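Structure data (mmCIF, C-alpha atoms) from target03.cif:
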```cif
data_final
loop_
_atom_site.label_atom_id
_atom_site.label_comp_id
_atom_site.auth_asym_id
_atom_site.auth_seq_id
_atom_site.Cartn_x
_atom_site.Cartn_y
_atom_site.Cartn_z
CA MET S 138 0.00 0.00 0.00
CA GLU S 139 1.39 3.38 -1.00
CA ILE S 140 1.44 6.23 1.52
CA GLN S 141 0.13 9.45 0.07
CA LYS S 142 1.89 12.66 1.04
CA LEU S 143 -0.72 15.23 2.05
CA TYR S 144 1.56 18.23 1.87
CA ASP S 145 5.21 19.12 1.65
CA LEU S 146 6.46 21.70 4.14
CA ASP S 147 8.77 23.17 1.51
CA ASP S 148 5.82 23.84 -0.79
CA THR S 149 3.61 25.38 1.91
CA GLU S 150 2.94 29.03 1.20
CA PHE S 151 2.43 31.37 4.10
CA GLU S 152 -0.40 33.82 3.74
CA ASN S 153 0.33 37.52 3.71
CA ILE S 154 -1.04 39.61 6.53
CA THR S 155 -2.53 43.07 6.24
CA ILE S 156 -1.53 45.76 8.69
CA GLY S 157 -2.52 49.40 8.95
CA LEU S 158 -0.01 52.23 8.87
CA VAL S 159 -0.92 55.13 11.15
CA ARG S 160 0.68 58.53 10.57
CA LEU S 161 0.11 61.39 12.99
CA ALA S 162 -0.36 64.93 11.69
CA LYS S 163 1.61 66.27 14.66
CA HIS S 164 3.83 64.64 17.22
CA ILE S 165 2.17 63.89 20.56
CA PRO S 166 3.14 61.40 23.29
CA ASP S 167 1.69 57.88 23.21
CA HIS S 168 -0.43 58.33 26.33
CA GLU S 169 -2.08 61.48 24.94
CA PHE S 170 -2.84 59.84 21.58
CA PHE S 171 -4.46 56.78 23.17
CA PHE S 172 -6.36 58.94 25.67
CA ARG S 173 -7.96 60.72 22.70
CA VAL S 174 -8.61 57.46 20.84
CA ASN S 175 -10.25 55.94 23.92
CA GLN S 176 -12.44 59.02 24.38
CA ILE S 177 -14.14 58.64 20.99
CA ASN S 178 -14.33 54.83 20.82
CA GLY S 179 -16.04 52.06 22.69
CA LEU S 180 -12.59 50.51 22.73
CA LYS S 181 -10.20 50.95 25.60
CA PHE S 182 -6.62 50.70 24.44
CA ARG S 183 -4.17 49.88 27.18
CA ARG S 184 -0.43 49.49 27.21
CA ILE S 185 0.73 45.90 27.18
CA GLU S 186 4.18 44.40 27.41
CA ASP S 187 6.66 45.88 24.95
CA PHE S 188 8.11 43.53 22.47
CA ILE S 189 11.84 43.33 22.35
CA LEU S 190 13.86 42.99 19.18
CA ASN S 191 17.32 41.65 19.82
CA GLY S 192 20.12 43.05 17.72
CA GLU S 193 23.80 42.33 17.81
CA PHE S 194 24.70 45.43 19.82
CA PHE S 195 21.33 46.66 21.13
CA ASP S 196 18.02 45.30 22.42
CA TYR S 197 15.18 47.48 21.12
CA HIS S 198 11.88 48.01 22.94
CA PHE S 199 8.71 48.82 21.00
CA PRO S 200 5.59 49.90 22.94
CA ARG S 201 2.34 48.04 22.23
CA PHE S 202 -1.25 49.05 22.95
CA GLU S 203 -4.15 46.63 22.73
CA ALA S 204 -7.97 46.69 22.81
CA TYR S 205 -10.75 44.20 22.16
CA HIS S 206 -13.71 45.16 19.97
CA LYS S 207 -16.66 43.25 21.42
CA PHE S 208 -19.04 43.62 18.47
CA THR S 209 -16.63 42.20 15.86
CA ARG S 210 -14.77 40.03 18.40
CA THR S 211 -11.47 41.37 17.17
CA CYS S 212 -8.32 42.25 19.05
CA PHE S 213 -6.51 45.34 17.76
CA THR S 214 -2.88 46.08 18.54
CA PHE S 215 -0.99 49.29 17.90
CA ILE S 216 2.77 48.80 17.75
CA SER S 217 5.14 51.74 17.76
CA ASN S 218 7.19 51.80 14.55
CA LYS S 219 10.09 53.50 16.31
CA SER S 220 11.87 51.98 19.28
CA SER S 221 11.23 53.85 22.51
CA GLU S 222 14.25 52.47 24.27
CA SER S 223 17.41 50.60 23.41
CA ARG S 224 19.76 48.83 25.76
CA GLN S 225 23.31 48.41 24.62
CA LYS S 226 24.61 44.86 25.01
CA LYS S 227 28.14 45.40 23.76
CA LEU S 228 30.23 48.05 22.08
CA PRO S 229 30.55 47.90 18.30
CA THR S 230 34.07 47.00 17.20
CA GLU S 231 33.61 48.04 13.57
CA LEU S 232 33.90 51.64 12.50
CA PHE S 233 30.68 51.58 10.44
CA SER S 234 28.24 49.40 12.30
CA GLU S 235 24.88 48.69 10.63
CA GLU S 236 23.16 49.02 14.00
CA ASP S 237 22.14 52.29 15.64
CA ASN S 238 20.53 52.98 19.02
CA ILE S 239 17.20 53.78 17.29
CA LYS S 240 15.41 51.19 15.17
CA PHE S 241 12.31 51.28 12.98
CA LEU S 242 10.25 48.16 12.32
CA LEU S 243 9.50 49.42 8.83
CA ASN S 244 12.76 51.00 7.67
CA ASN S 245 11.17 52.24 4.45
CA GLN S 246 8.27 53.90 6.36
CA VAL S 247 9.99 56.06 9.01
CA GLU S 248 7.18 58.67 8.90
CA VAL S 249 4.75 56.04 10.27
CA GLN S 250 4.23 56.29 14.04
CA TYR S 251 2.16 53.14 14.62
CA ILE S 252 1.57 49.81 12.98
CA LEU S 253 -1.97 48.57 13.50
CA HIS S 254 -2.52 44.83 13.58
CA SER S 255 -5.72 42.85 13.94
CA SER S 256 -6.44 39.29 15.00
CA GLU S 257 -8.59 38.91 11.87
CA GLN S 258 -7.17 37.57 8.62
CA PHE S 259 -8.95 40.32 6.66
CA PRO S 260 -8.99 43.23 9.11
CA ASP S 261 -11.46 46.09 9.06
CA PHE S 262 -9.66 49.05 10.61
CA SER S 263 -12.64 51.34 9.98
CA VAL S 264 -14.23 50.26 13.28
CA ILE S 265 -11.58 52.32 15.09
CA LEU S 266 -12.38 56.00 15.11
CA LEU S 267 -9.30 58.18 15.15
CA PRO S 268 -9.15 61.82 16.29
CA GLU S 269 -9.76 64.30 13.47
CA ASN S 270 -6.96 66.72 12.58
CA LEU S 271 -4.50 64.50 14.43
CA VAL S 272 -4.24 61.40 12.25
CA PHE S 273 -4.04 60.82 8.52
CA PRO S 274 -6.25 58.01 7.13
CA ILE S 275 -5.02 54.51 7.93
CA GLN S 276 -3.14 53.01 4.99
CA ASP S 277 -3.40 49.27 4.39
CA TYR S 278 -0.04 47.56 3.93
CA THR S 279 0.59 43.93 3.06
CA LEU S 280 3.41 42.02 4.72
CA GLY S 281 4.90 38.97 3.05
CA SER S 282 6.18 36.00 5.01
CA GLU S 283 9.79 36.82 4.12
CA GLU S 284 9.70 40.20 5.92
CA GLU S 285 11.10 40.55 9.44
CA LEU S 286 7.99 42.31 10.78
CA TYR S 287 5.81 39.40 9.58
CA GLN S 288 7.89 37.02 11.70
CA ILE S 289 7.71 39.35 14.71
CA ILE S 290 3.92 39.68 14.51
CA GLN S 291 3.51 35.92 14.16
CA TYR S 292 5.73 35.34 17.20
CA TYR S 293 3.85 37.79 19.42
CA GLU S 294 0.37 36.77 18.23
#
```
Just give me the structure of the file as structure tokens.
Amino acid sequence: MEIQKLYDLDDTEFENITIGLVRLAKHIPDHEFFFRVNQINGLKFRRIEDFILNGEFFDYHFPRFEAYHKFTRTCFTFISNKSSESRQKKLPTELFSEEDNIKFLLNNQVEVQYILHSSEQFPDFSVILLPENLVFPIQDYTLGSEEELYQIIQYYE
């Protein structure tokens, strides 16, 4: 009797995930932004444990804020695109190190303040009301499985 192979791990394709890019019209601290967001929503975003990205010379901390939308049964997470803190592990020995004390999750999107992630496969970010004159419209962005941020989101999910 021949054993049929159901799937090959090498041929398995990982699905892309959609995130939202949030750009602020003016710089305000995290706590003030989420205070305003919580005022106009039925959601209550709260700060949760930072996620830590380990580099060769620094460990980077990125603040995260999370809320649960009861009607759609969806968990929304805002992740800061820019590290809020970095802890130096060792001194660089090379003259031109690739690592700096500030890191962005999306290096090609440094003007983005927050990355919005949803527990849904096809997220609807329109259920979150954002303060007028403070935030530009949320831009959908697709992450492929080969991108570092994709791996980070999957790990912390």
Please build the interface table for stretch 176-274 of chain S against stretch 157-169 of chain S with a cut-off of 8 Å, listing for each qualifying residue the nearest atom pair and the distance in Å to one decimal; count all atoms listed in the file, order rows by chain and increasing number, and write it as CSV.
```
residue,atom,partner,partner_atom,distance
S:Glu248,CA,S:Arg160,CA,6.7
S:Val249,CA,S:Arg160,CA,4.8
S:Gln250,CA,S:Arg160,CA,5.4
S:Tyr251,CA,S:Val159,CA,5.0
S:Ile252,CA,S:Leu158,CA,5.0
S:Leu253,CA,S:Gly157,CA,4.7
S:His254,CA,S:Gly157,CA,6.5
S:Phe262,CA,S:Gly157,CA,7.3
S:Asn270,CA,S:Ala162,CA,6.9
S:Leu271,CA,S:Ala162,CA,5.0
S:Val272,CA,S:Leu161,CA,4.4
S:Phe273,CA,S:Arg160,CA,5.6
S:Pro274,CA,S:Val159,CA,7.3
```
Shell of 12 Å around S:Ser263, all atoms listed in the file, local chain residues under 4 positions omitted, as a ChimeraX atom specification = /S:157,178,206,209,213,253,255,267,274-277
Could you tell me which of S:Phe170, S:Tyr278, S:Phe215, S:Tyr205 comes closest to S:Asp187 if we count all atoms listed in the file?
-> S:Phe215
Would you list the contacts of S:Phe202 as a PyMOL selection string, taking every protein, DNA or RNA residue within 8 Å and counting only C-alpha atoms, but skipping same-chain residues closer than 5 positions in sequence?
-> chain S and resi 182-185+214-216
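Closest to S:Arg201 among S:Leu243, S:Val174, S:Ile290, S:Val264 is S:Ile290, based on all atoms listed in the file.
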Find the distance between atom CA of S:Arg173 and atom CA of S:Pro200 and write it in Å to one decimal.
->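 Straight-line distance from atom CA of S:Arg173 to atom CA of S:Pro200 works out to 17.3 Å.
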Could you state the separation of atom CA of S:Cys212 and atom CA of S:Leu280 in Å, given to one decimal place?
->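 These two atoms are separated by 18.5 Å.
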Nearby residues (only C-alpha atoms) at most 12 Å from S:Gln291, same-chain spacing under 4 positions excluded, as an NGL selection string = :S and (151-154 or 254-256 or 280-287)
Atom CA of S:Leu190 to atom CA of S:Thr155, straight-line distance in Å =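 Result for atom CA of S:Thr155 versus atom CA of S:Leu190: 20.9 Å, one decimal.
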Place a sphere of radius 6 Å on (25.9, 42.3, 24.6) in the file coordinates and name every protein, DNA or RNA residue with an atom inside or on its surface, counting all atoms listed in the file; give the answer as a list in words.
->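 All residues meeting the 6 Å criterion around (25.9, 42.3, 24.6) are Phe194, Lys226 and Lys227 of chain S.
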Can you pull out the residues contacting stretch 222-224 of chain S? Cut-off 8 Å, using all atoms listed in the file, and skip same-chain residues under 5 positions away; I want them as a JSON list (two decimals) with C-alpha atoms, in the coordinates of the input.
```json
[["chain", "number", "residue", "atom", "x", "y", "z"],
["S", 195, "PHE", "CA", 21.33, 46.66, 21.13],
["S", 196, "ASP", "CA", 18.02, 45.30, 22.42],
["S", 197, "TYR", "CA", 15.18, 47.48, 21.12],
["S", 198, "HIS", "CA", 11.88, 48.01, 22.94],
["S", 199, "PHE", "CA", 8.71, 48.82, 21.00],
["S", 238, "ASN", "CA", 20.53, 52.98, 19.02],
["S", 239, "ILE", "CA", 17.20, 53.78, 17.29]]
```
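Nearest to S:Asp237 of all the residues S:Arg210, S:Pro260, S:Glu193, S:Pro268 is S:Glu193, based on all atoms listed in the file.
Among the candidates S:Lys240, S:Gln288, S:Phe172, S:Gln246, the residue lying nearest to S:Gly192 is S:Lys240 (atoms considered: all atoms listed in the file).
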Which is closer to S:Phe188 than all the others in S:Leu266, S:Ile289, S:Pro229, S:Asn244, using all atoms listed in the file?
-> S:Ile289
Counting all atoms listed in the file, the residue of S:Ile265, S:Val247, S:Ile189, S:Leu242 that sits nearest S:Phe208 |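 Closest to S:Phe208, using all atoms listed in the file: S:Ile265.
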Box time for stretch 178-189 of chain S: axis-aligned, enclosing all its listed atoms, 8 Å extra on each side; report centre and edge lengths in Å to one decimal, as lines of an AutoDock Vina configuration file.
```
center_x = -2.1
center_y = 49.1
center_z = 24.1
size_x = 43.9
size_y = 27.5
size_z = 22.6
```
